[in-house]
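query13.csv (CSV, C-alpha atoms) appears below.
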chain,number,residue,atom,x,y,z
A,1,MET,CA,36.0,-41.3,-30.9
A,2,ASN,CA,38.7,-42.4,-28.6
A,3,ASP,CA,37.8,-45.8,-27.0
A,4,ALA,CA,40.8,-45.9,-24.8
A,5,ILE,CA,39.8,-46.2,-21.1
A,6,ILE,CA,43.4,-46.2,-19.7
A,7,GLU,CA,46.5,-44.9,-21.5
A,8,ALA,CA,50.1,-45.1,-20.3
A,9,ALA,CA,52.9,-43.2,-22.0
A,10,SER,CA,56.6,-43.7,-21.3
A,11,VAL,CA,55.8,-45.0,-17.8
A,12,HIS,CA,58.8,-45.8,-15.5
A,13,LYS,CA,58.4,-47.0,-12.0
A,14,THR,CA,61.3,-47.4,-9.5
A,15,LEU,CA,60.7,-49.3,-6.3
A,16,GLY,CA,62.9,-49.3,-3.2
A,17,ALA,CA,65.9,-47.2,-2.5
A,18,GLY,CA,69.7,-47.5,-2.3
A,19,ALA,CA,71.2,-50.9,-2.9
A,20,GLY,CA,67.7,-52.4,-3.0
A,21,GLN,CA,66.4,-50.1,-5.7
A,22,VAL,CA,64.7,-51.8,-8.6
A,23,GLU,CA,63.4,-50.3,-11.9
A,24,ALA,CA,60.2,-52.2,-12.1
A,25,LEU,CA,58.8,-50.6,-15.2
A,26,ARG,CA,61.0,-49.2,-18.0
A,27,GLY,CA,59.1,-47.1,-20.5
A,28,ILE,CA,55.7,-48.6,-20.8
A,29,ASP,CA,53.4,-47.4,-23.7
A,30,LEU,CA,50.0,-49.0,-23.5
A,31,SER,CA,46.3,-48.4,-23.9
A,32,LEU,CA,43.3,-50.4,-22.8
A,33,GLN,CA,40.3,-50.2,-25.0
A,34,ARG,CA,36.6,-50.2,-24.2
A,35,GLY,CA,35.1,-53.6,-24.8
A,36,GLU,CA,38.3,-55.6,-24.7
A,37,LEU,CA,39.7,-58.3,-22.4
A,38,ALA,CA,43.5,-58.0,-22.4
A,39,LEU,CA,45.8,-60.5,-20.7
A,40,LEU,CA,49.1,-59.3,-19.1
A,41,MET,CA,51.5,-62.2,-19.1
A,42,GLY,CA,55.2,-62.6,-18.2
A,43,PRO,CA,57.5,-64.3,-15.8
A,44,SER,CA,57.6,-63.7,-12.0
A,45,GLY,CA,59.2,-60.4,-11.2
A,46,SER,CA,58.6,-59.0,-14.7
A,47,GLY,CA,56.5,-56.1,-13.4
A,48,LYS,CA,53.0,-57.3,-14.1
A,49,THR,CA,51.5,-56.4,-10.7
A,50,THR,CA,53.4,-53.1,-10.6
A,51,LEU,CA,52.0,-52.2,-14.0
A,52,LEU,CA,48.5,-53.1,-12.9
A,53,LEU,CA,48.7,-50.9,-9.8
A,54,VAL,CA,50.1,-48.0,-11.7
A,55,LEU,CA,47.3,-48.3,-14.3
A,56,GLY,CA,44.8,-48.4,-11.4
A,57,CYS,CA,46.2,-45.3,-9.7
A,58,MET,CA,47.3,-47.3,-6.7
A,59,LEU,CA,50.9,-46.4,-7.5
A,60,THR,CA,52.2,-43.3,-9.2
A,61,PRO,CA,54.8,-43.5,-12.0
A,62,THR,CA,58.3,-42.3,-11.3
A,63,SER,CA,58.1,-40.7,-14.7
A,64,GLY,CA,55.8,-40.8,-17.7
A,65,SER,CA,52.0,-40.4,-17.6
A,66,VAL,CA,48.8,-42.3,-17.1
A,67,THR,CA,45.4,-41.1,-18.4
A,68,ILE,CA,42.1,-42.4,-17.1
A,69,CYS,CA,39.0,-41.8,-19.4
A,70,GLY,CA,40.8,-38.8,-20.9
A,71,GLN,CA,41.9,-37.3,-17.5
A,72,PRO,CA,45.7,-37.1,-16.9
A,73,THR,CA,46.8,-38.3,-13.5
A,74,LYS,CA,50.1,-36.4,-13.4
A,75,ASP,CA,50.3,-34.0,-10.5
A,76,VAL,CA,46.9,-35.2,-9.1
A,77,ASP,CA,47.1,-35.5,-5.3
A,78,LYS,CA,46.2,-38.6,-3.3
A,79,GLU,CA,42.7,-37.5,-2.8
A,80,GLY,CA,42.2,-36.9,-6.5
A,81,LEU,CA,43.7,-40.3,-7.4
A,82,ALA,CA,41.3,-42.0,-4.9
A,83,LYS,CA,38.4,-40.2,-6.5
A,84,LEU,CA,39.5,-41.5,-10.0
A,85,ARG,CA,39.8,-45.0,-8.6
A,86,ARG,CA,36.3,-44.8,-7.1
A,87,GLU,CA,34.8,-43.5,-10.3
A,88,HIS,CA,36.6,-45.5,-12.9
A,89,ILE,CA,38.4,-48.6,-11.6
A,90,GLY,CA,37.3,-51.9,-10.1
A,91,PHE,CA,39.9,-54.3,-8.7
A,92,VAL,CA,39.7,-58.1,-8.4
A,93,PHE,CA,42.4,-59.9,-6.4
A,94,GLN,CA,43.5,-63.6,-6.2
A,95,SER,CA,42.8,-63.8,-2.5
A,96,TYR,CA,39.2,-62.3,-2.8
A,97,HIS,CA,39.6,-59.9,0.1
A,98,LEU,CA,36.1,-60.5,1.5
A,99,PHE,CA,35.1,-59.7,5.1
A,100,PRO,CA,34.3,-63.0,6.8
A,101,THR,CA,31.6,-61.6,9.0
A,102,LEU,CA,29.7,-59.9,6.2
A,103,THR,CA,27.2,-61.6,3.8
A,104,ALA,CA,27.9,-61.7,0.0
A,105,ALA,CA,25.5,-58.7,-0.5
A,106,GLN,CA,27.1,-56.7,2.4
A,107,ASN,CA,30.6,-57.3,0.9
A,108,VAL,CA,29.4,-56.0,-2.4
A,109,GLN,CA,27.7,-53.0,-0.8
A,110,LEU,CA,31.1,-51.9,0.8
A,111,ALA,CA,32.1,-50.7,-2.7
A,112,LEU,CA,29.1,-48.4,-2.7
A,113,ASP,CA,29.4,-47.3,0.9
A,114,ILE,CA,32.9,-45.8,0.2
A,115,ARG,CA,31.3,-43.8,-2.6
A,116,GLY,CA,28.5,-42.5,-0.3
A,117,GLU,CA,25.8,-44.7,-1.8
A,118,ARG,CA,23.7,-46.3,1.0
A,119,GLY,CA,20.1,-47.4,1.7
A,120,ARG,CA,17.7,-49.3,-0.5
A,121,ALA,CA,19.3,-48.2,-3.7
A,122,ALA,CA,22.7,-49.7,-2.6
A,123,VAL,CA,21.0,-52.9,-1.5
A,124,LYS,CA,19.3,-53.2,-4.9
A,125,LYS,CA,22.5,-52.5,-6.8
A,126,SER,CA,24.4,-55.1,-4.8
A,127,ARG,CA,21.8,-57.8,-5.5
A,128,GLU,CA,21.8,-56.9,-9.2
A,129,ALA,CA,25.6,-57.2,-9.3
A,130,LEU,CA,25.4,-60.6,-7.6
A,131,ALA,CA,22.8,-61.7,-10.1
A,132,MET,CA,25.1,-60.7,-13.0
A,133,VAL,CA,27.7,-63.2,-11.7
A,134,GLY,CA,25.1,-65.9,-11.1
A,135,LEU,CA,24.9,-65.6,-7.3
A,136,GLN,CA,21.3,-64.3,-6.9
A,137,ASN,CA,20.6,-67.1,-4.5
A,138,LYS,CA,23.7,-66.5,-2.3
A,139,VAL,CA,23.1,-62.9,-1.2
A,140,HIS,CA,22.8,-63.8,2.5
A,141,SER,CA,25.7,-66.3,2.5
A,142,LEU,CA,28.8,-65.7,4.5
A,143,PRO,CA,32.2,-66.2,2.7
A,144,GLN,CA,32.8,-69.4,4.6
A,145,GLN,CA,29.6,-70.8,3.2
A,146,LEU,CA,30.8,-70.2,-0.4
A,147,SER,CA,33.2,-72.1,-2.6
A,148,GLY,CA,36.4,-70.5,-3.8
A,149,GLY,CA,34.8,-69.9,-7.2
A,150,GLU,CA,31.7,-68.3,-5.6
A,151,GLN,CA,33.9,-66.1,-3.4
A,152,GLN,CA,35.7,-64.9,-6.5
A,153,ARG,CA,32.3,-64.1,-8.1
A,154,VAL,CA,31.4,-62.0,-5.1
A,155,ALA,CA,34.7,-60.2,-5.5
A,156,ILE,CA,33.9,-59.5,-9.2
A,157,ALA,CA,30.4,-58.3,-8.2
A,158,ARG,CA,32.0,-55.9,-5.8
A,159,ALA,CA,34.4,-54.7,-8.5
A,160,ILE,CA,31.6,-53.9,-11.0
A,161,VAL,CA,28.7,-52.8,-8.7
A,162,ALA,CA,29.7,-49.1,-9.0
A,163,ASN,CA,29.8,-49.4,-12.8
A,164,PRO,CA,33.6,-48.7,-13.3
A,165,SER,CA,35.1,-47.9,-16.7
A,166,ALA,CA,37.8,-50.6,-16.2
A,167,VAL,CA,38.3,-53.8,-14.2
A,168,LEU,CA,41.9,-54.8,-13.3
A,169,ALA,CA,42.3,-58.4,-12.1
A,170,ASP,CA,45.4,-59.8,-10.5
A,171,GLU,CA,45.6,-63.6,-11.0
A,172,PRO,CA,41.8,-64.1,-10.5
A,173,THR,CA,41.9,-67.8,-11.4
A,174,ALA,CA,45.2,-68.8,-9.7
A,175,ALA,CA,43.5,-70.2,-6.6
A,176,LEU,CA,40.7,-72.0,-8.5
A,177,ASP,CA,40.4,-75.3,-10.3
A,178,GLY,CA,40.0,-75.4,-14.1
A,179,GLU,CA,36.2,-75.4,-14.2
A,180,ASN,CA,35.9,-72.5,-11.8
A,181,GLY,CA,38.7,-70.6,-13.5
A,182,GLN,CA,36.9,-70.9,-16.8
A,183,ALA,CA,33.6,-69.7,-15.3
A,184,ILE,CA,35.4,-66.6,-13.9
A,185,MET,CA,36.9,-65.8,-17.2
A,186,LYS,CA,33.6,-66.1,-19.0
A,187,ILE,CA,32.1,-63.6,-16.6
A,188,LEU,CA,35.0,-61.2,-17.1
A,189,LYS,CA,34.7,-61.6,-20.9
A,190,SER,CA,31.0,-60.8,-20.8
A,191,ILE,CA,31.6,-57.8,-18.6
A,192,ALA,CA,34.0,-56.4,-21.2
A,193,GLN,CA,31.9,-57.1,-24.3
A,194,GLU,CA,28.4,-56.5,-23.1
A,195,ARG,CA,29.1,-53.7,-20.6
A,196,SER,CA,31.7,-51.9,-22.7
A,197,ARG,CA,34.4,-51.9,-20.1
A,198,ALA,CA,38.1,-52.5,-20.4
A,199,ILE,CA,39.3,-55.6,-18.6
A,200,MET,CA,43.0,-56.4,-17.9
A,201,VAL,CA,43.9,-59.7,-16.3
A,202,VAL,CA,47.3,-60.5,-14.9
A,203,THR,CA,47.8,-64.3,-15.3
A,204,HIS,CA,50.3,-67.1,-15.5
A,205,ASP,CA,47.6,-69.5,-16.6
A,206,PRO,CA,47.7,-70.5,-20.3
A,207,ARG,CA,44.2,-72.0,-19.9
A,208,VAL,CA,42.7,-68.5,-20.0
A,209,VAL,CA,44.4,-67.5,-23.2
A,210,PRO,CA,41.3,-68.3,-25.4
A,211,PHE,CA,39.4,-65.6,-23.6
A,212,ALA,CA,41.8,-62.8,-24.6
A,213,ASP,CA,41.1,-60.2,-27.2
A,214,ARG,CA,44.8,-59.2,-26.8
A,215,ILE,CA,47.8,-60.7,-25.0
A,216,ILE,CA,50.4,-58.2,-23.6
A,217,HIS,CA,53.8,-59.7,-22.7
A,218,ILE,CA,56.1,-58.0,-20.2
A,219,GLU,CA,59.7,-59.0,-19.3
A,220,ASP,CA,62.1,-57.1,-17.1
A,221,GLY,CA,59.7,-54.1,-16.9
A,222,ARG,CA,59.4,-53.7,-20.7
A,223,LEU,CA,56.6,-54.8,-23.1
A,224,VAL,CA,57.9,-57.2,-25.6
A,225,ASP,CA,56.6,-58.6,-28.9
A,226,ALA,CA,54.1,-61.3,-28.2
A,227,ASN,CA,55.0,-64.7,-29.6
A,228,GLU,CA,51.5,-66.2,-29.8
A,229,SER,CA,52.5,-69.3,-31.9
A,230,GLU,CA,52.0,-71.6,-28.9
A,231,TYR,CA,48.4,-70.3,-28.4
A,232,LYS,CA,47.2,-70.4,-32.0
A,233,HIS,CA,45.6,-73.8,-31.7
A,234,LEU,CA,43.4,-72.6,-28.8
A,235,PRO,CA,39.9,-71.6,-29.9
A,236,LYS,CA,38.5,-68.2,-28.9
A,237,VAL,CA,35.7,-68.1,-26.3
A,238,THR,CA,32.7,-65.9,-26.8
A,239,ALA,CA,31.0,-63.9,-24.1
A,240,LEU,CA,28.2,-65.2,-21.9
A,241,LYS,CA,24.8,-63.5,-22.2
A,242,MET,CA,24.2,-61.4,-19.1

In structure tokens, how does this file's structure come out?
Amino acid sequence: MNDAIIEAASVHKTLGAGAGQVEALRGIDLSLQRGELALLMGPSGSGKTTLLLVLGCMLTPTSGSVTICGQPTKDVDKEGLAKLRREHIGFVFQSYHLFPTLTAAQNVQLALDIRGERGRAAVKKSREALAMVGLQNKVHSLPQQLSGGEQQRVAIARAIVANPSAVLADEPTAALDGENGQAIMKILKSIAQERSRAIMVVTHDPRVVPFADRIIHIEDGRLVDANESEYKHLPKVTALKM
């Protein structure tokens, strides 16, 4: 059985045009496995976010191929890529992207609404997702009434409420203090291990390394051999029970 949720083969991505053209990705071969939390690390401008967006079908490769749950994305039109995203990918961003006039539950329900799921079933699913991230008592709270860590939990609940195959997170702990960042990573670790999803986290934060099943290093648009010697002293973190 192939446990790969997302596979990339010889992926190149060129951004811009003319004198401003940049080869952001240069021959990426990568697979994300069911049940793992992978960290994507590298210096600024190395291609981390570009790779995340290509894997999540937000950007199409200039060449090479991406496969989502066994389905090749090459030659799939925009509508087809949007369908793949809705069915298989959940995104978590550093800046939360919550609507300020909607409650926590309503923000989570938006992910179901775009999939055509509404009514009591959607309300129930949104509350269950919030409970999974420890916010069962915050369903009626507006974003301004929540701490940064709580807002990020709402964003995670929104990413997982439709039961995606993979969750892609771009610097989810960057705006948080150490305690809240650790709490967010424990939730993501649990989602990977206990819900059999693939999780990829783009990060600069060495404090989250103990949560990783795998560390992927990228420099100048290429994956490079990981030198993990600086991380070996850090203990691994097990998943929370959800």

Top pick for closest residue to Lys48 of chain A, considering A:Lys74, A:Arg118, A:Arg214, A:His204 and counting all atoms listed in the file: A:His204

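Proximity of A:Leu98, A:Leu39, A:Ala212, A:Ala8 to Thr60 of chain A, computed with all atoms listed in the file, is greatest for A:Ala8.
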
Straight-line distance linking atom CA of Thr101 of chain A with atom CA of Ala169 of chain A, stated in Å to one decimal: 23.9 Å

Give me, as a ChimeraX atom specification, all polymer residues having an atom no more than 9 Å from segment 160-168 of chain A, counting only C-alpha atoms and skipping those fewer than 6 positions away in the same chain. /A:5-6,32,34,52-53,55-56,68-69,85-93,108-109,111-112,115,125-126,128-130,188,191-192,195-202

Tell me, as a CSV table (one decimal) with C-alpha atoms, in the coordinates of the input, which residues lie within 10 Å of Leu176 of chain A, counting all atoms listed in the file; anything in the same chain fewer than 3 positions away does not count.
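part_21.csv, freshly written:
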chain,number,residue,atom,x,y,z
A,94,GLN,CA,43.5,-63.6,-6.2
A,147,SER,CA,33.2,-72.1,-2.6
A,148,GLY,CA,36.4,-70.5,-3.8
A,149,GLY,CA,34.8,-69.9,-7.2
A,152,GLN,CA,35.7,-64.9,-6.5
A,172,PRO,CA,41.8,-64.1,-10.5
A,173,THR,CA,41.9,-67.8,-11.4
A,179,GLU,CA,36.2,-75.4,-14.2
A,180,ASN,CA,35.9,-72.5,-11.8
A,181,GLY,CA,38.7,-70.6,-13.5
A,182,GLN,CA,36.9,-70.9,-16.8
A,184,ILE,CA,35.4,-66.6,-13.9

Can you tell me, as an MDAnalysis selection string, what residues are no more than 12 Å from Arg26 of chain A when counting all atoms listed in the file, ignoring any on the same chain fewer than 2 positions away? chainID A and resid 8:15 22:24 28:29 46:47 50:51 61:64 218:224

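Atom CA of Ile114 of chain A is positioned 19.9 Å from atom CA of Val76 of chain A.
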
In Å and to one decimal, atom CA of Leu40 of chain A is distant from atom CA of Ala174 of chain A by 13.9 Å

Among the residues A:Val139, A:Ala121, A:Cys57, A:Ala4, the one that comes closest to Lys83 of chain A [using all atoms listed in the file]: A:Cys57

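Closest approach to Asp170 of chain A from the set A:Ala155, A:Val133, A:Leu25, A:Ala183 is made by A:Ala155, with distances taken over all atoms listed in the file.
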
Using only C-alpha atoms, which of A:Thr67, A:Arg207, A:Asp225, A:Ser190 sits nearest Glu36 of chain A? A:Ser190

Residue among A:Gly16, A:Thr49, A:Ala159, A:Gln145 lying closest to Pro100 of chain A, counting all atoms listed in the file: A:Gln145
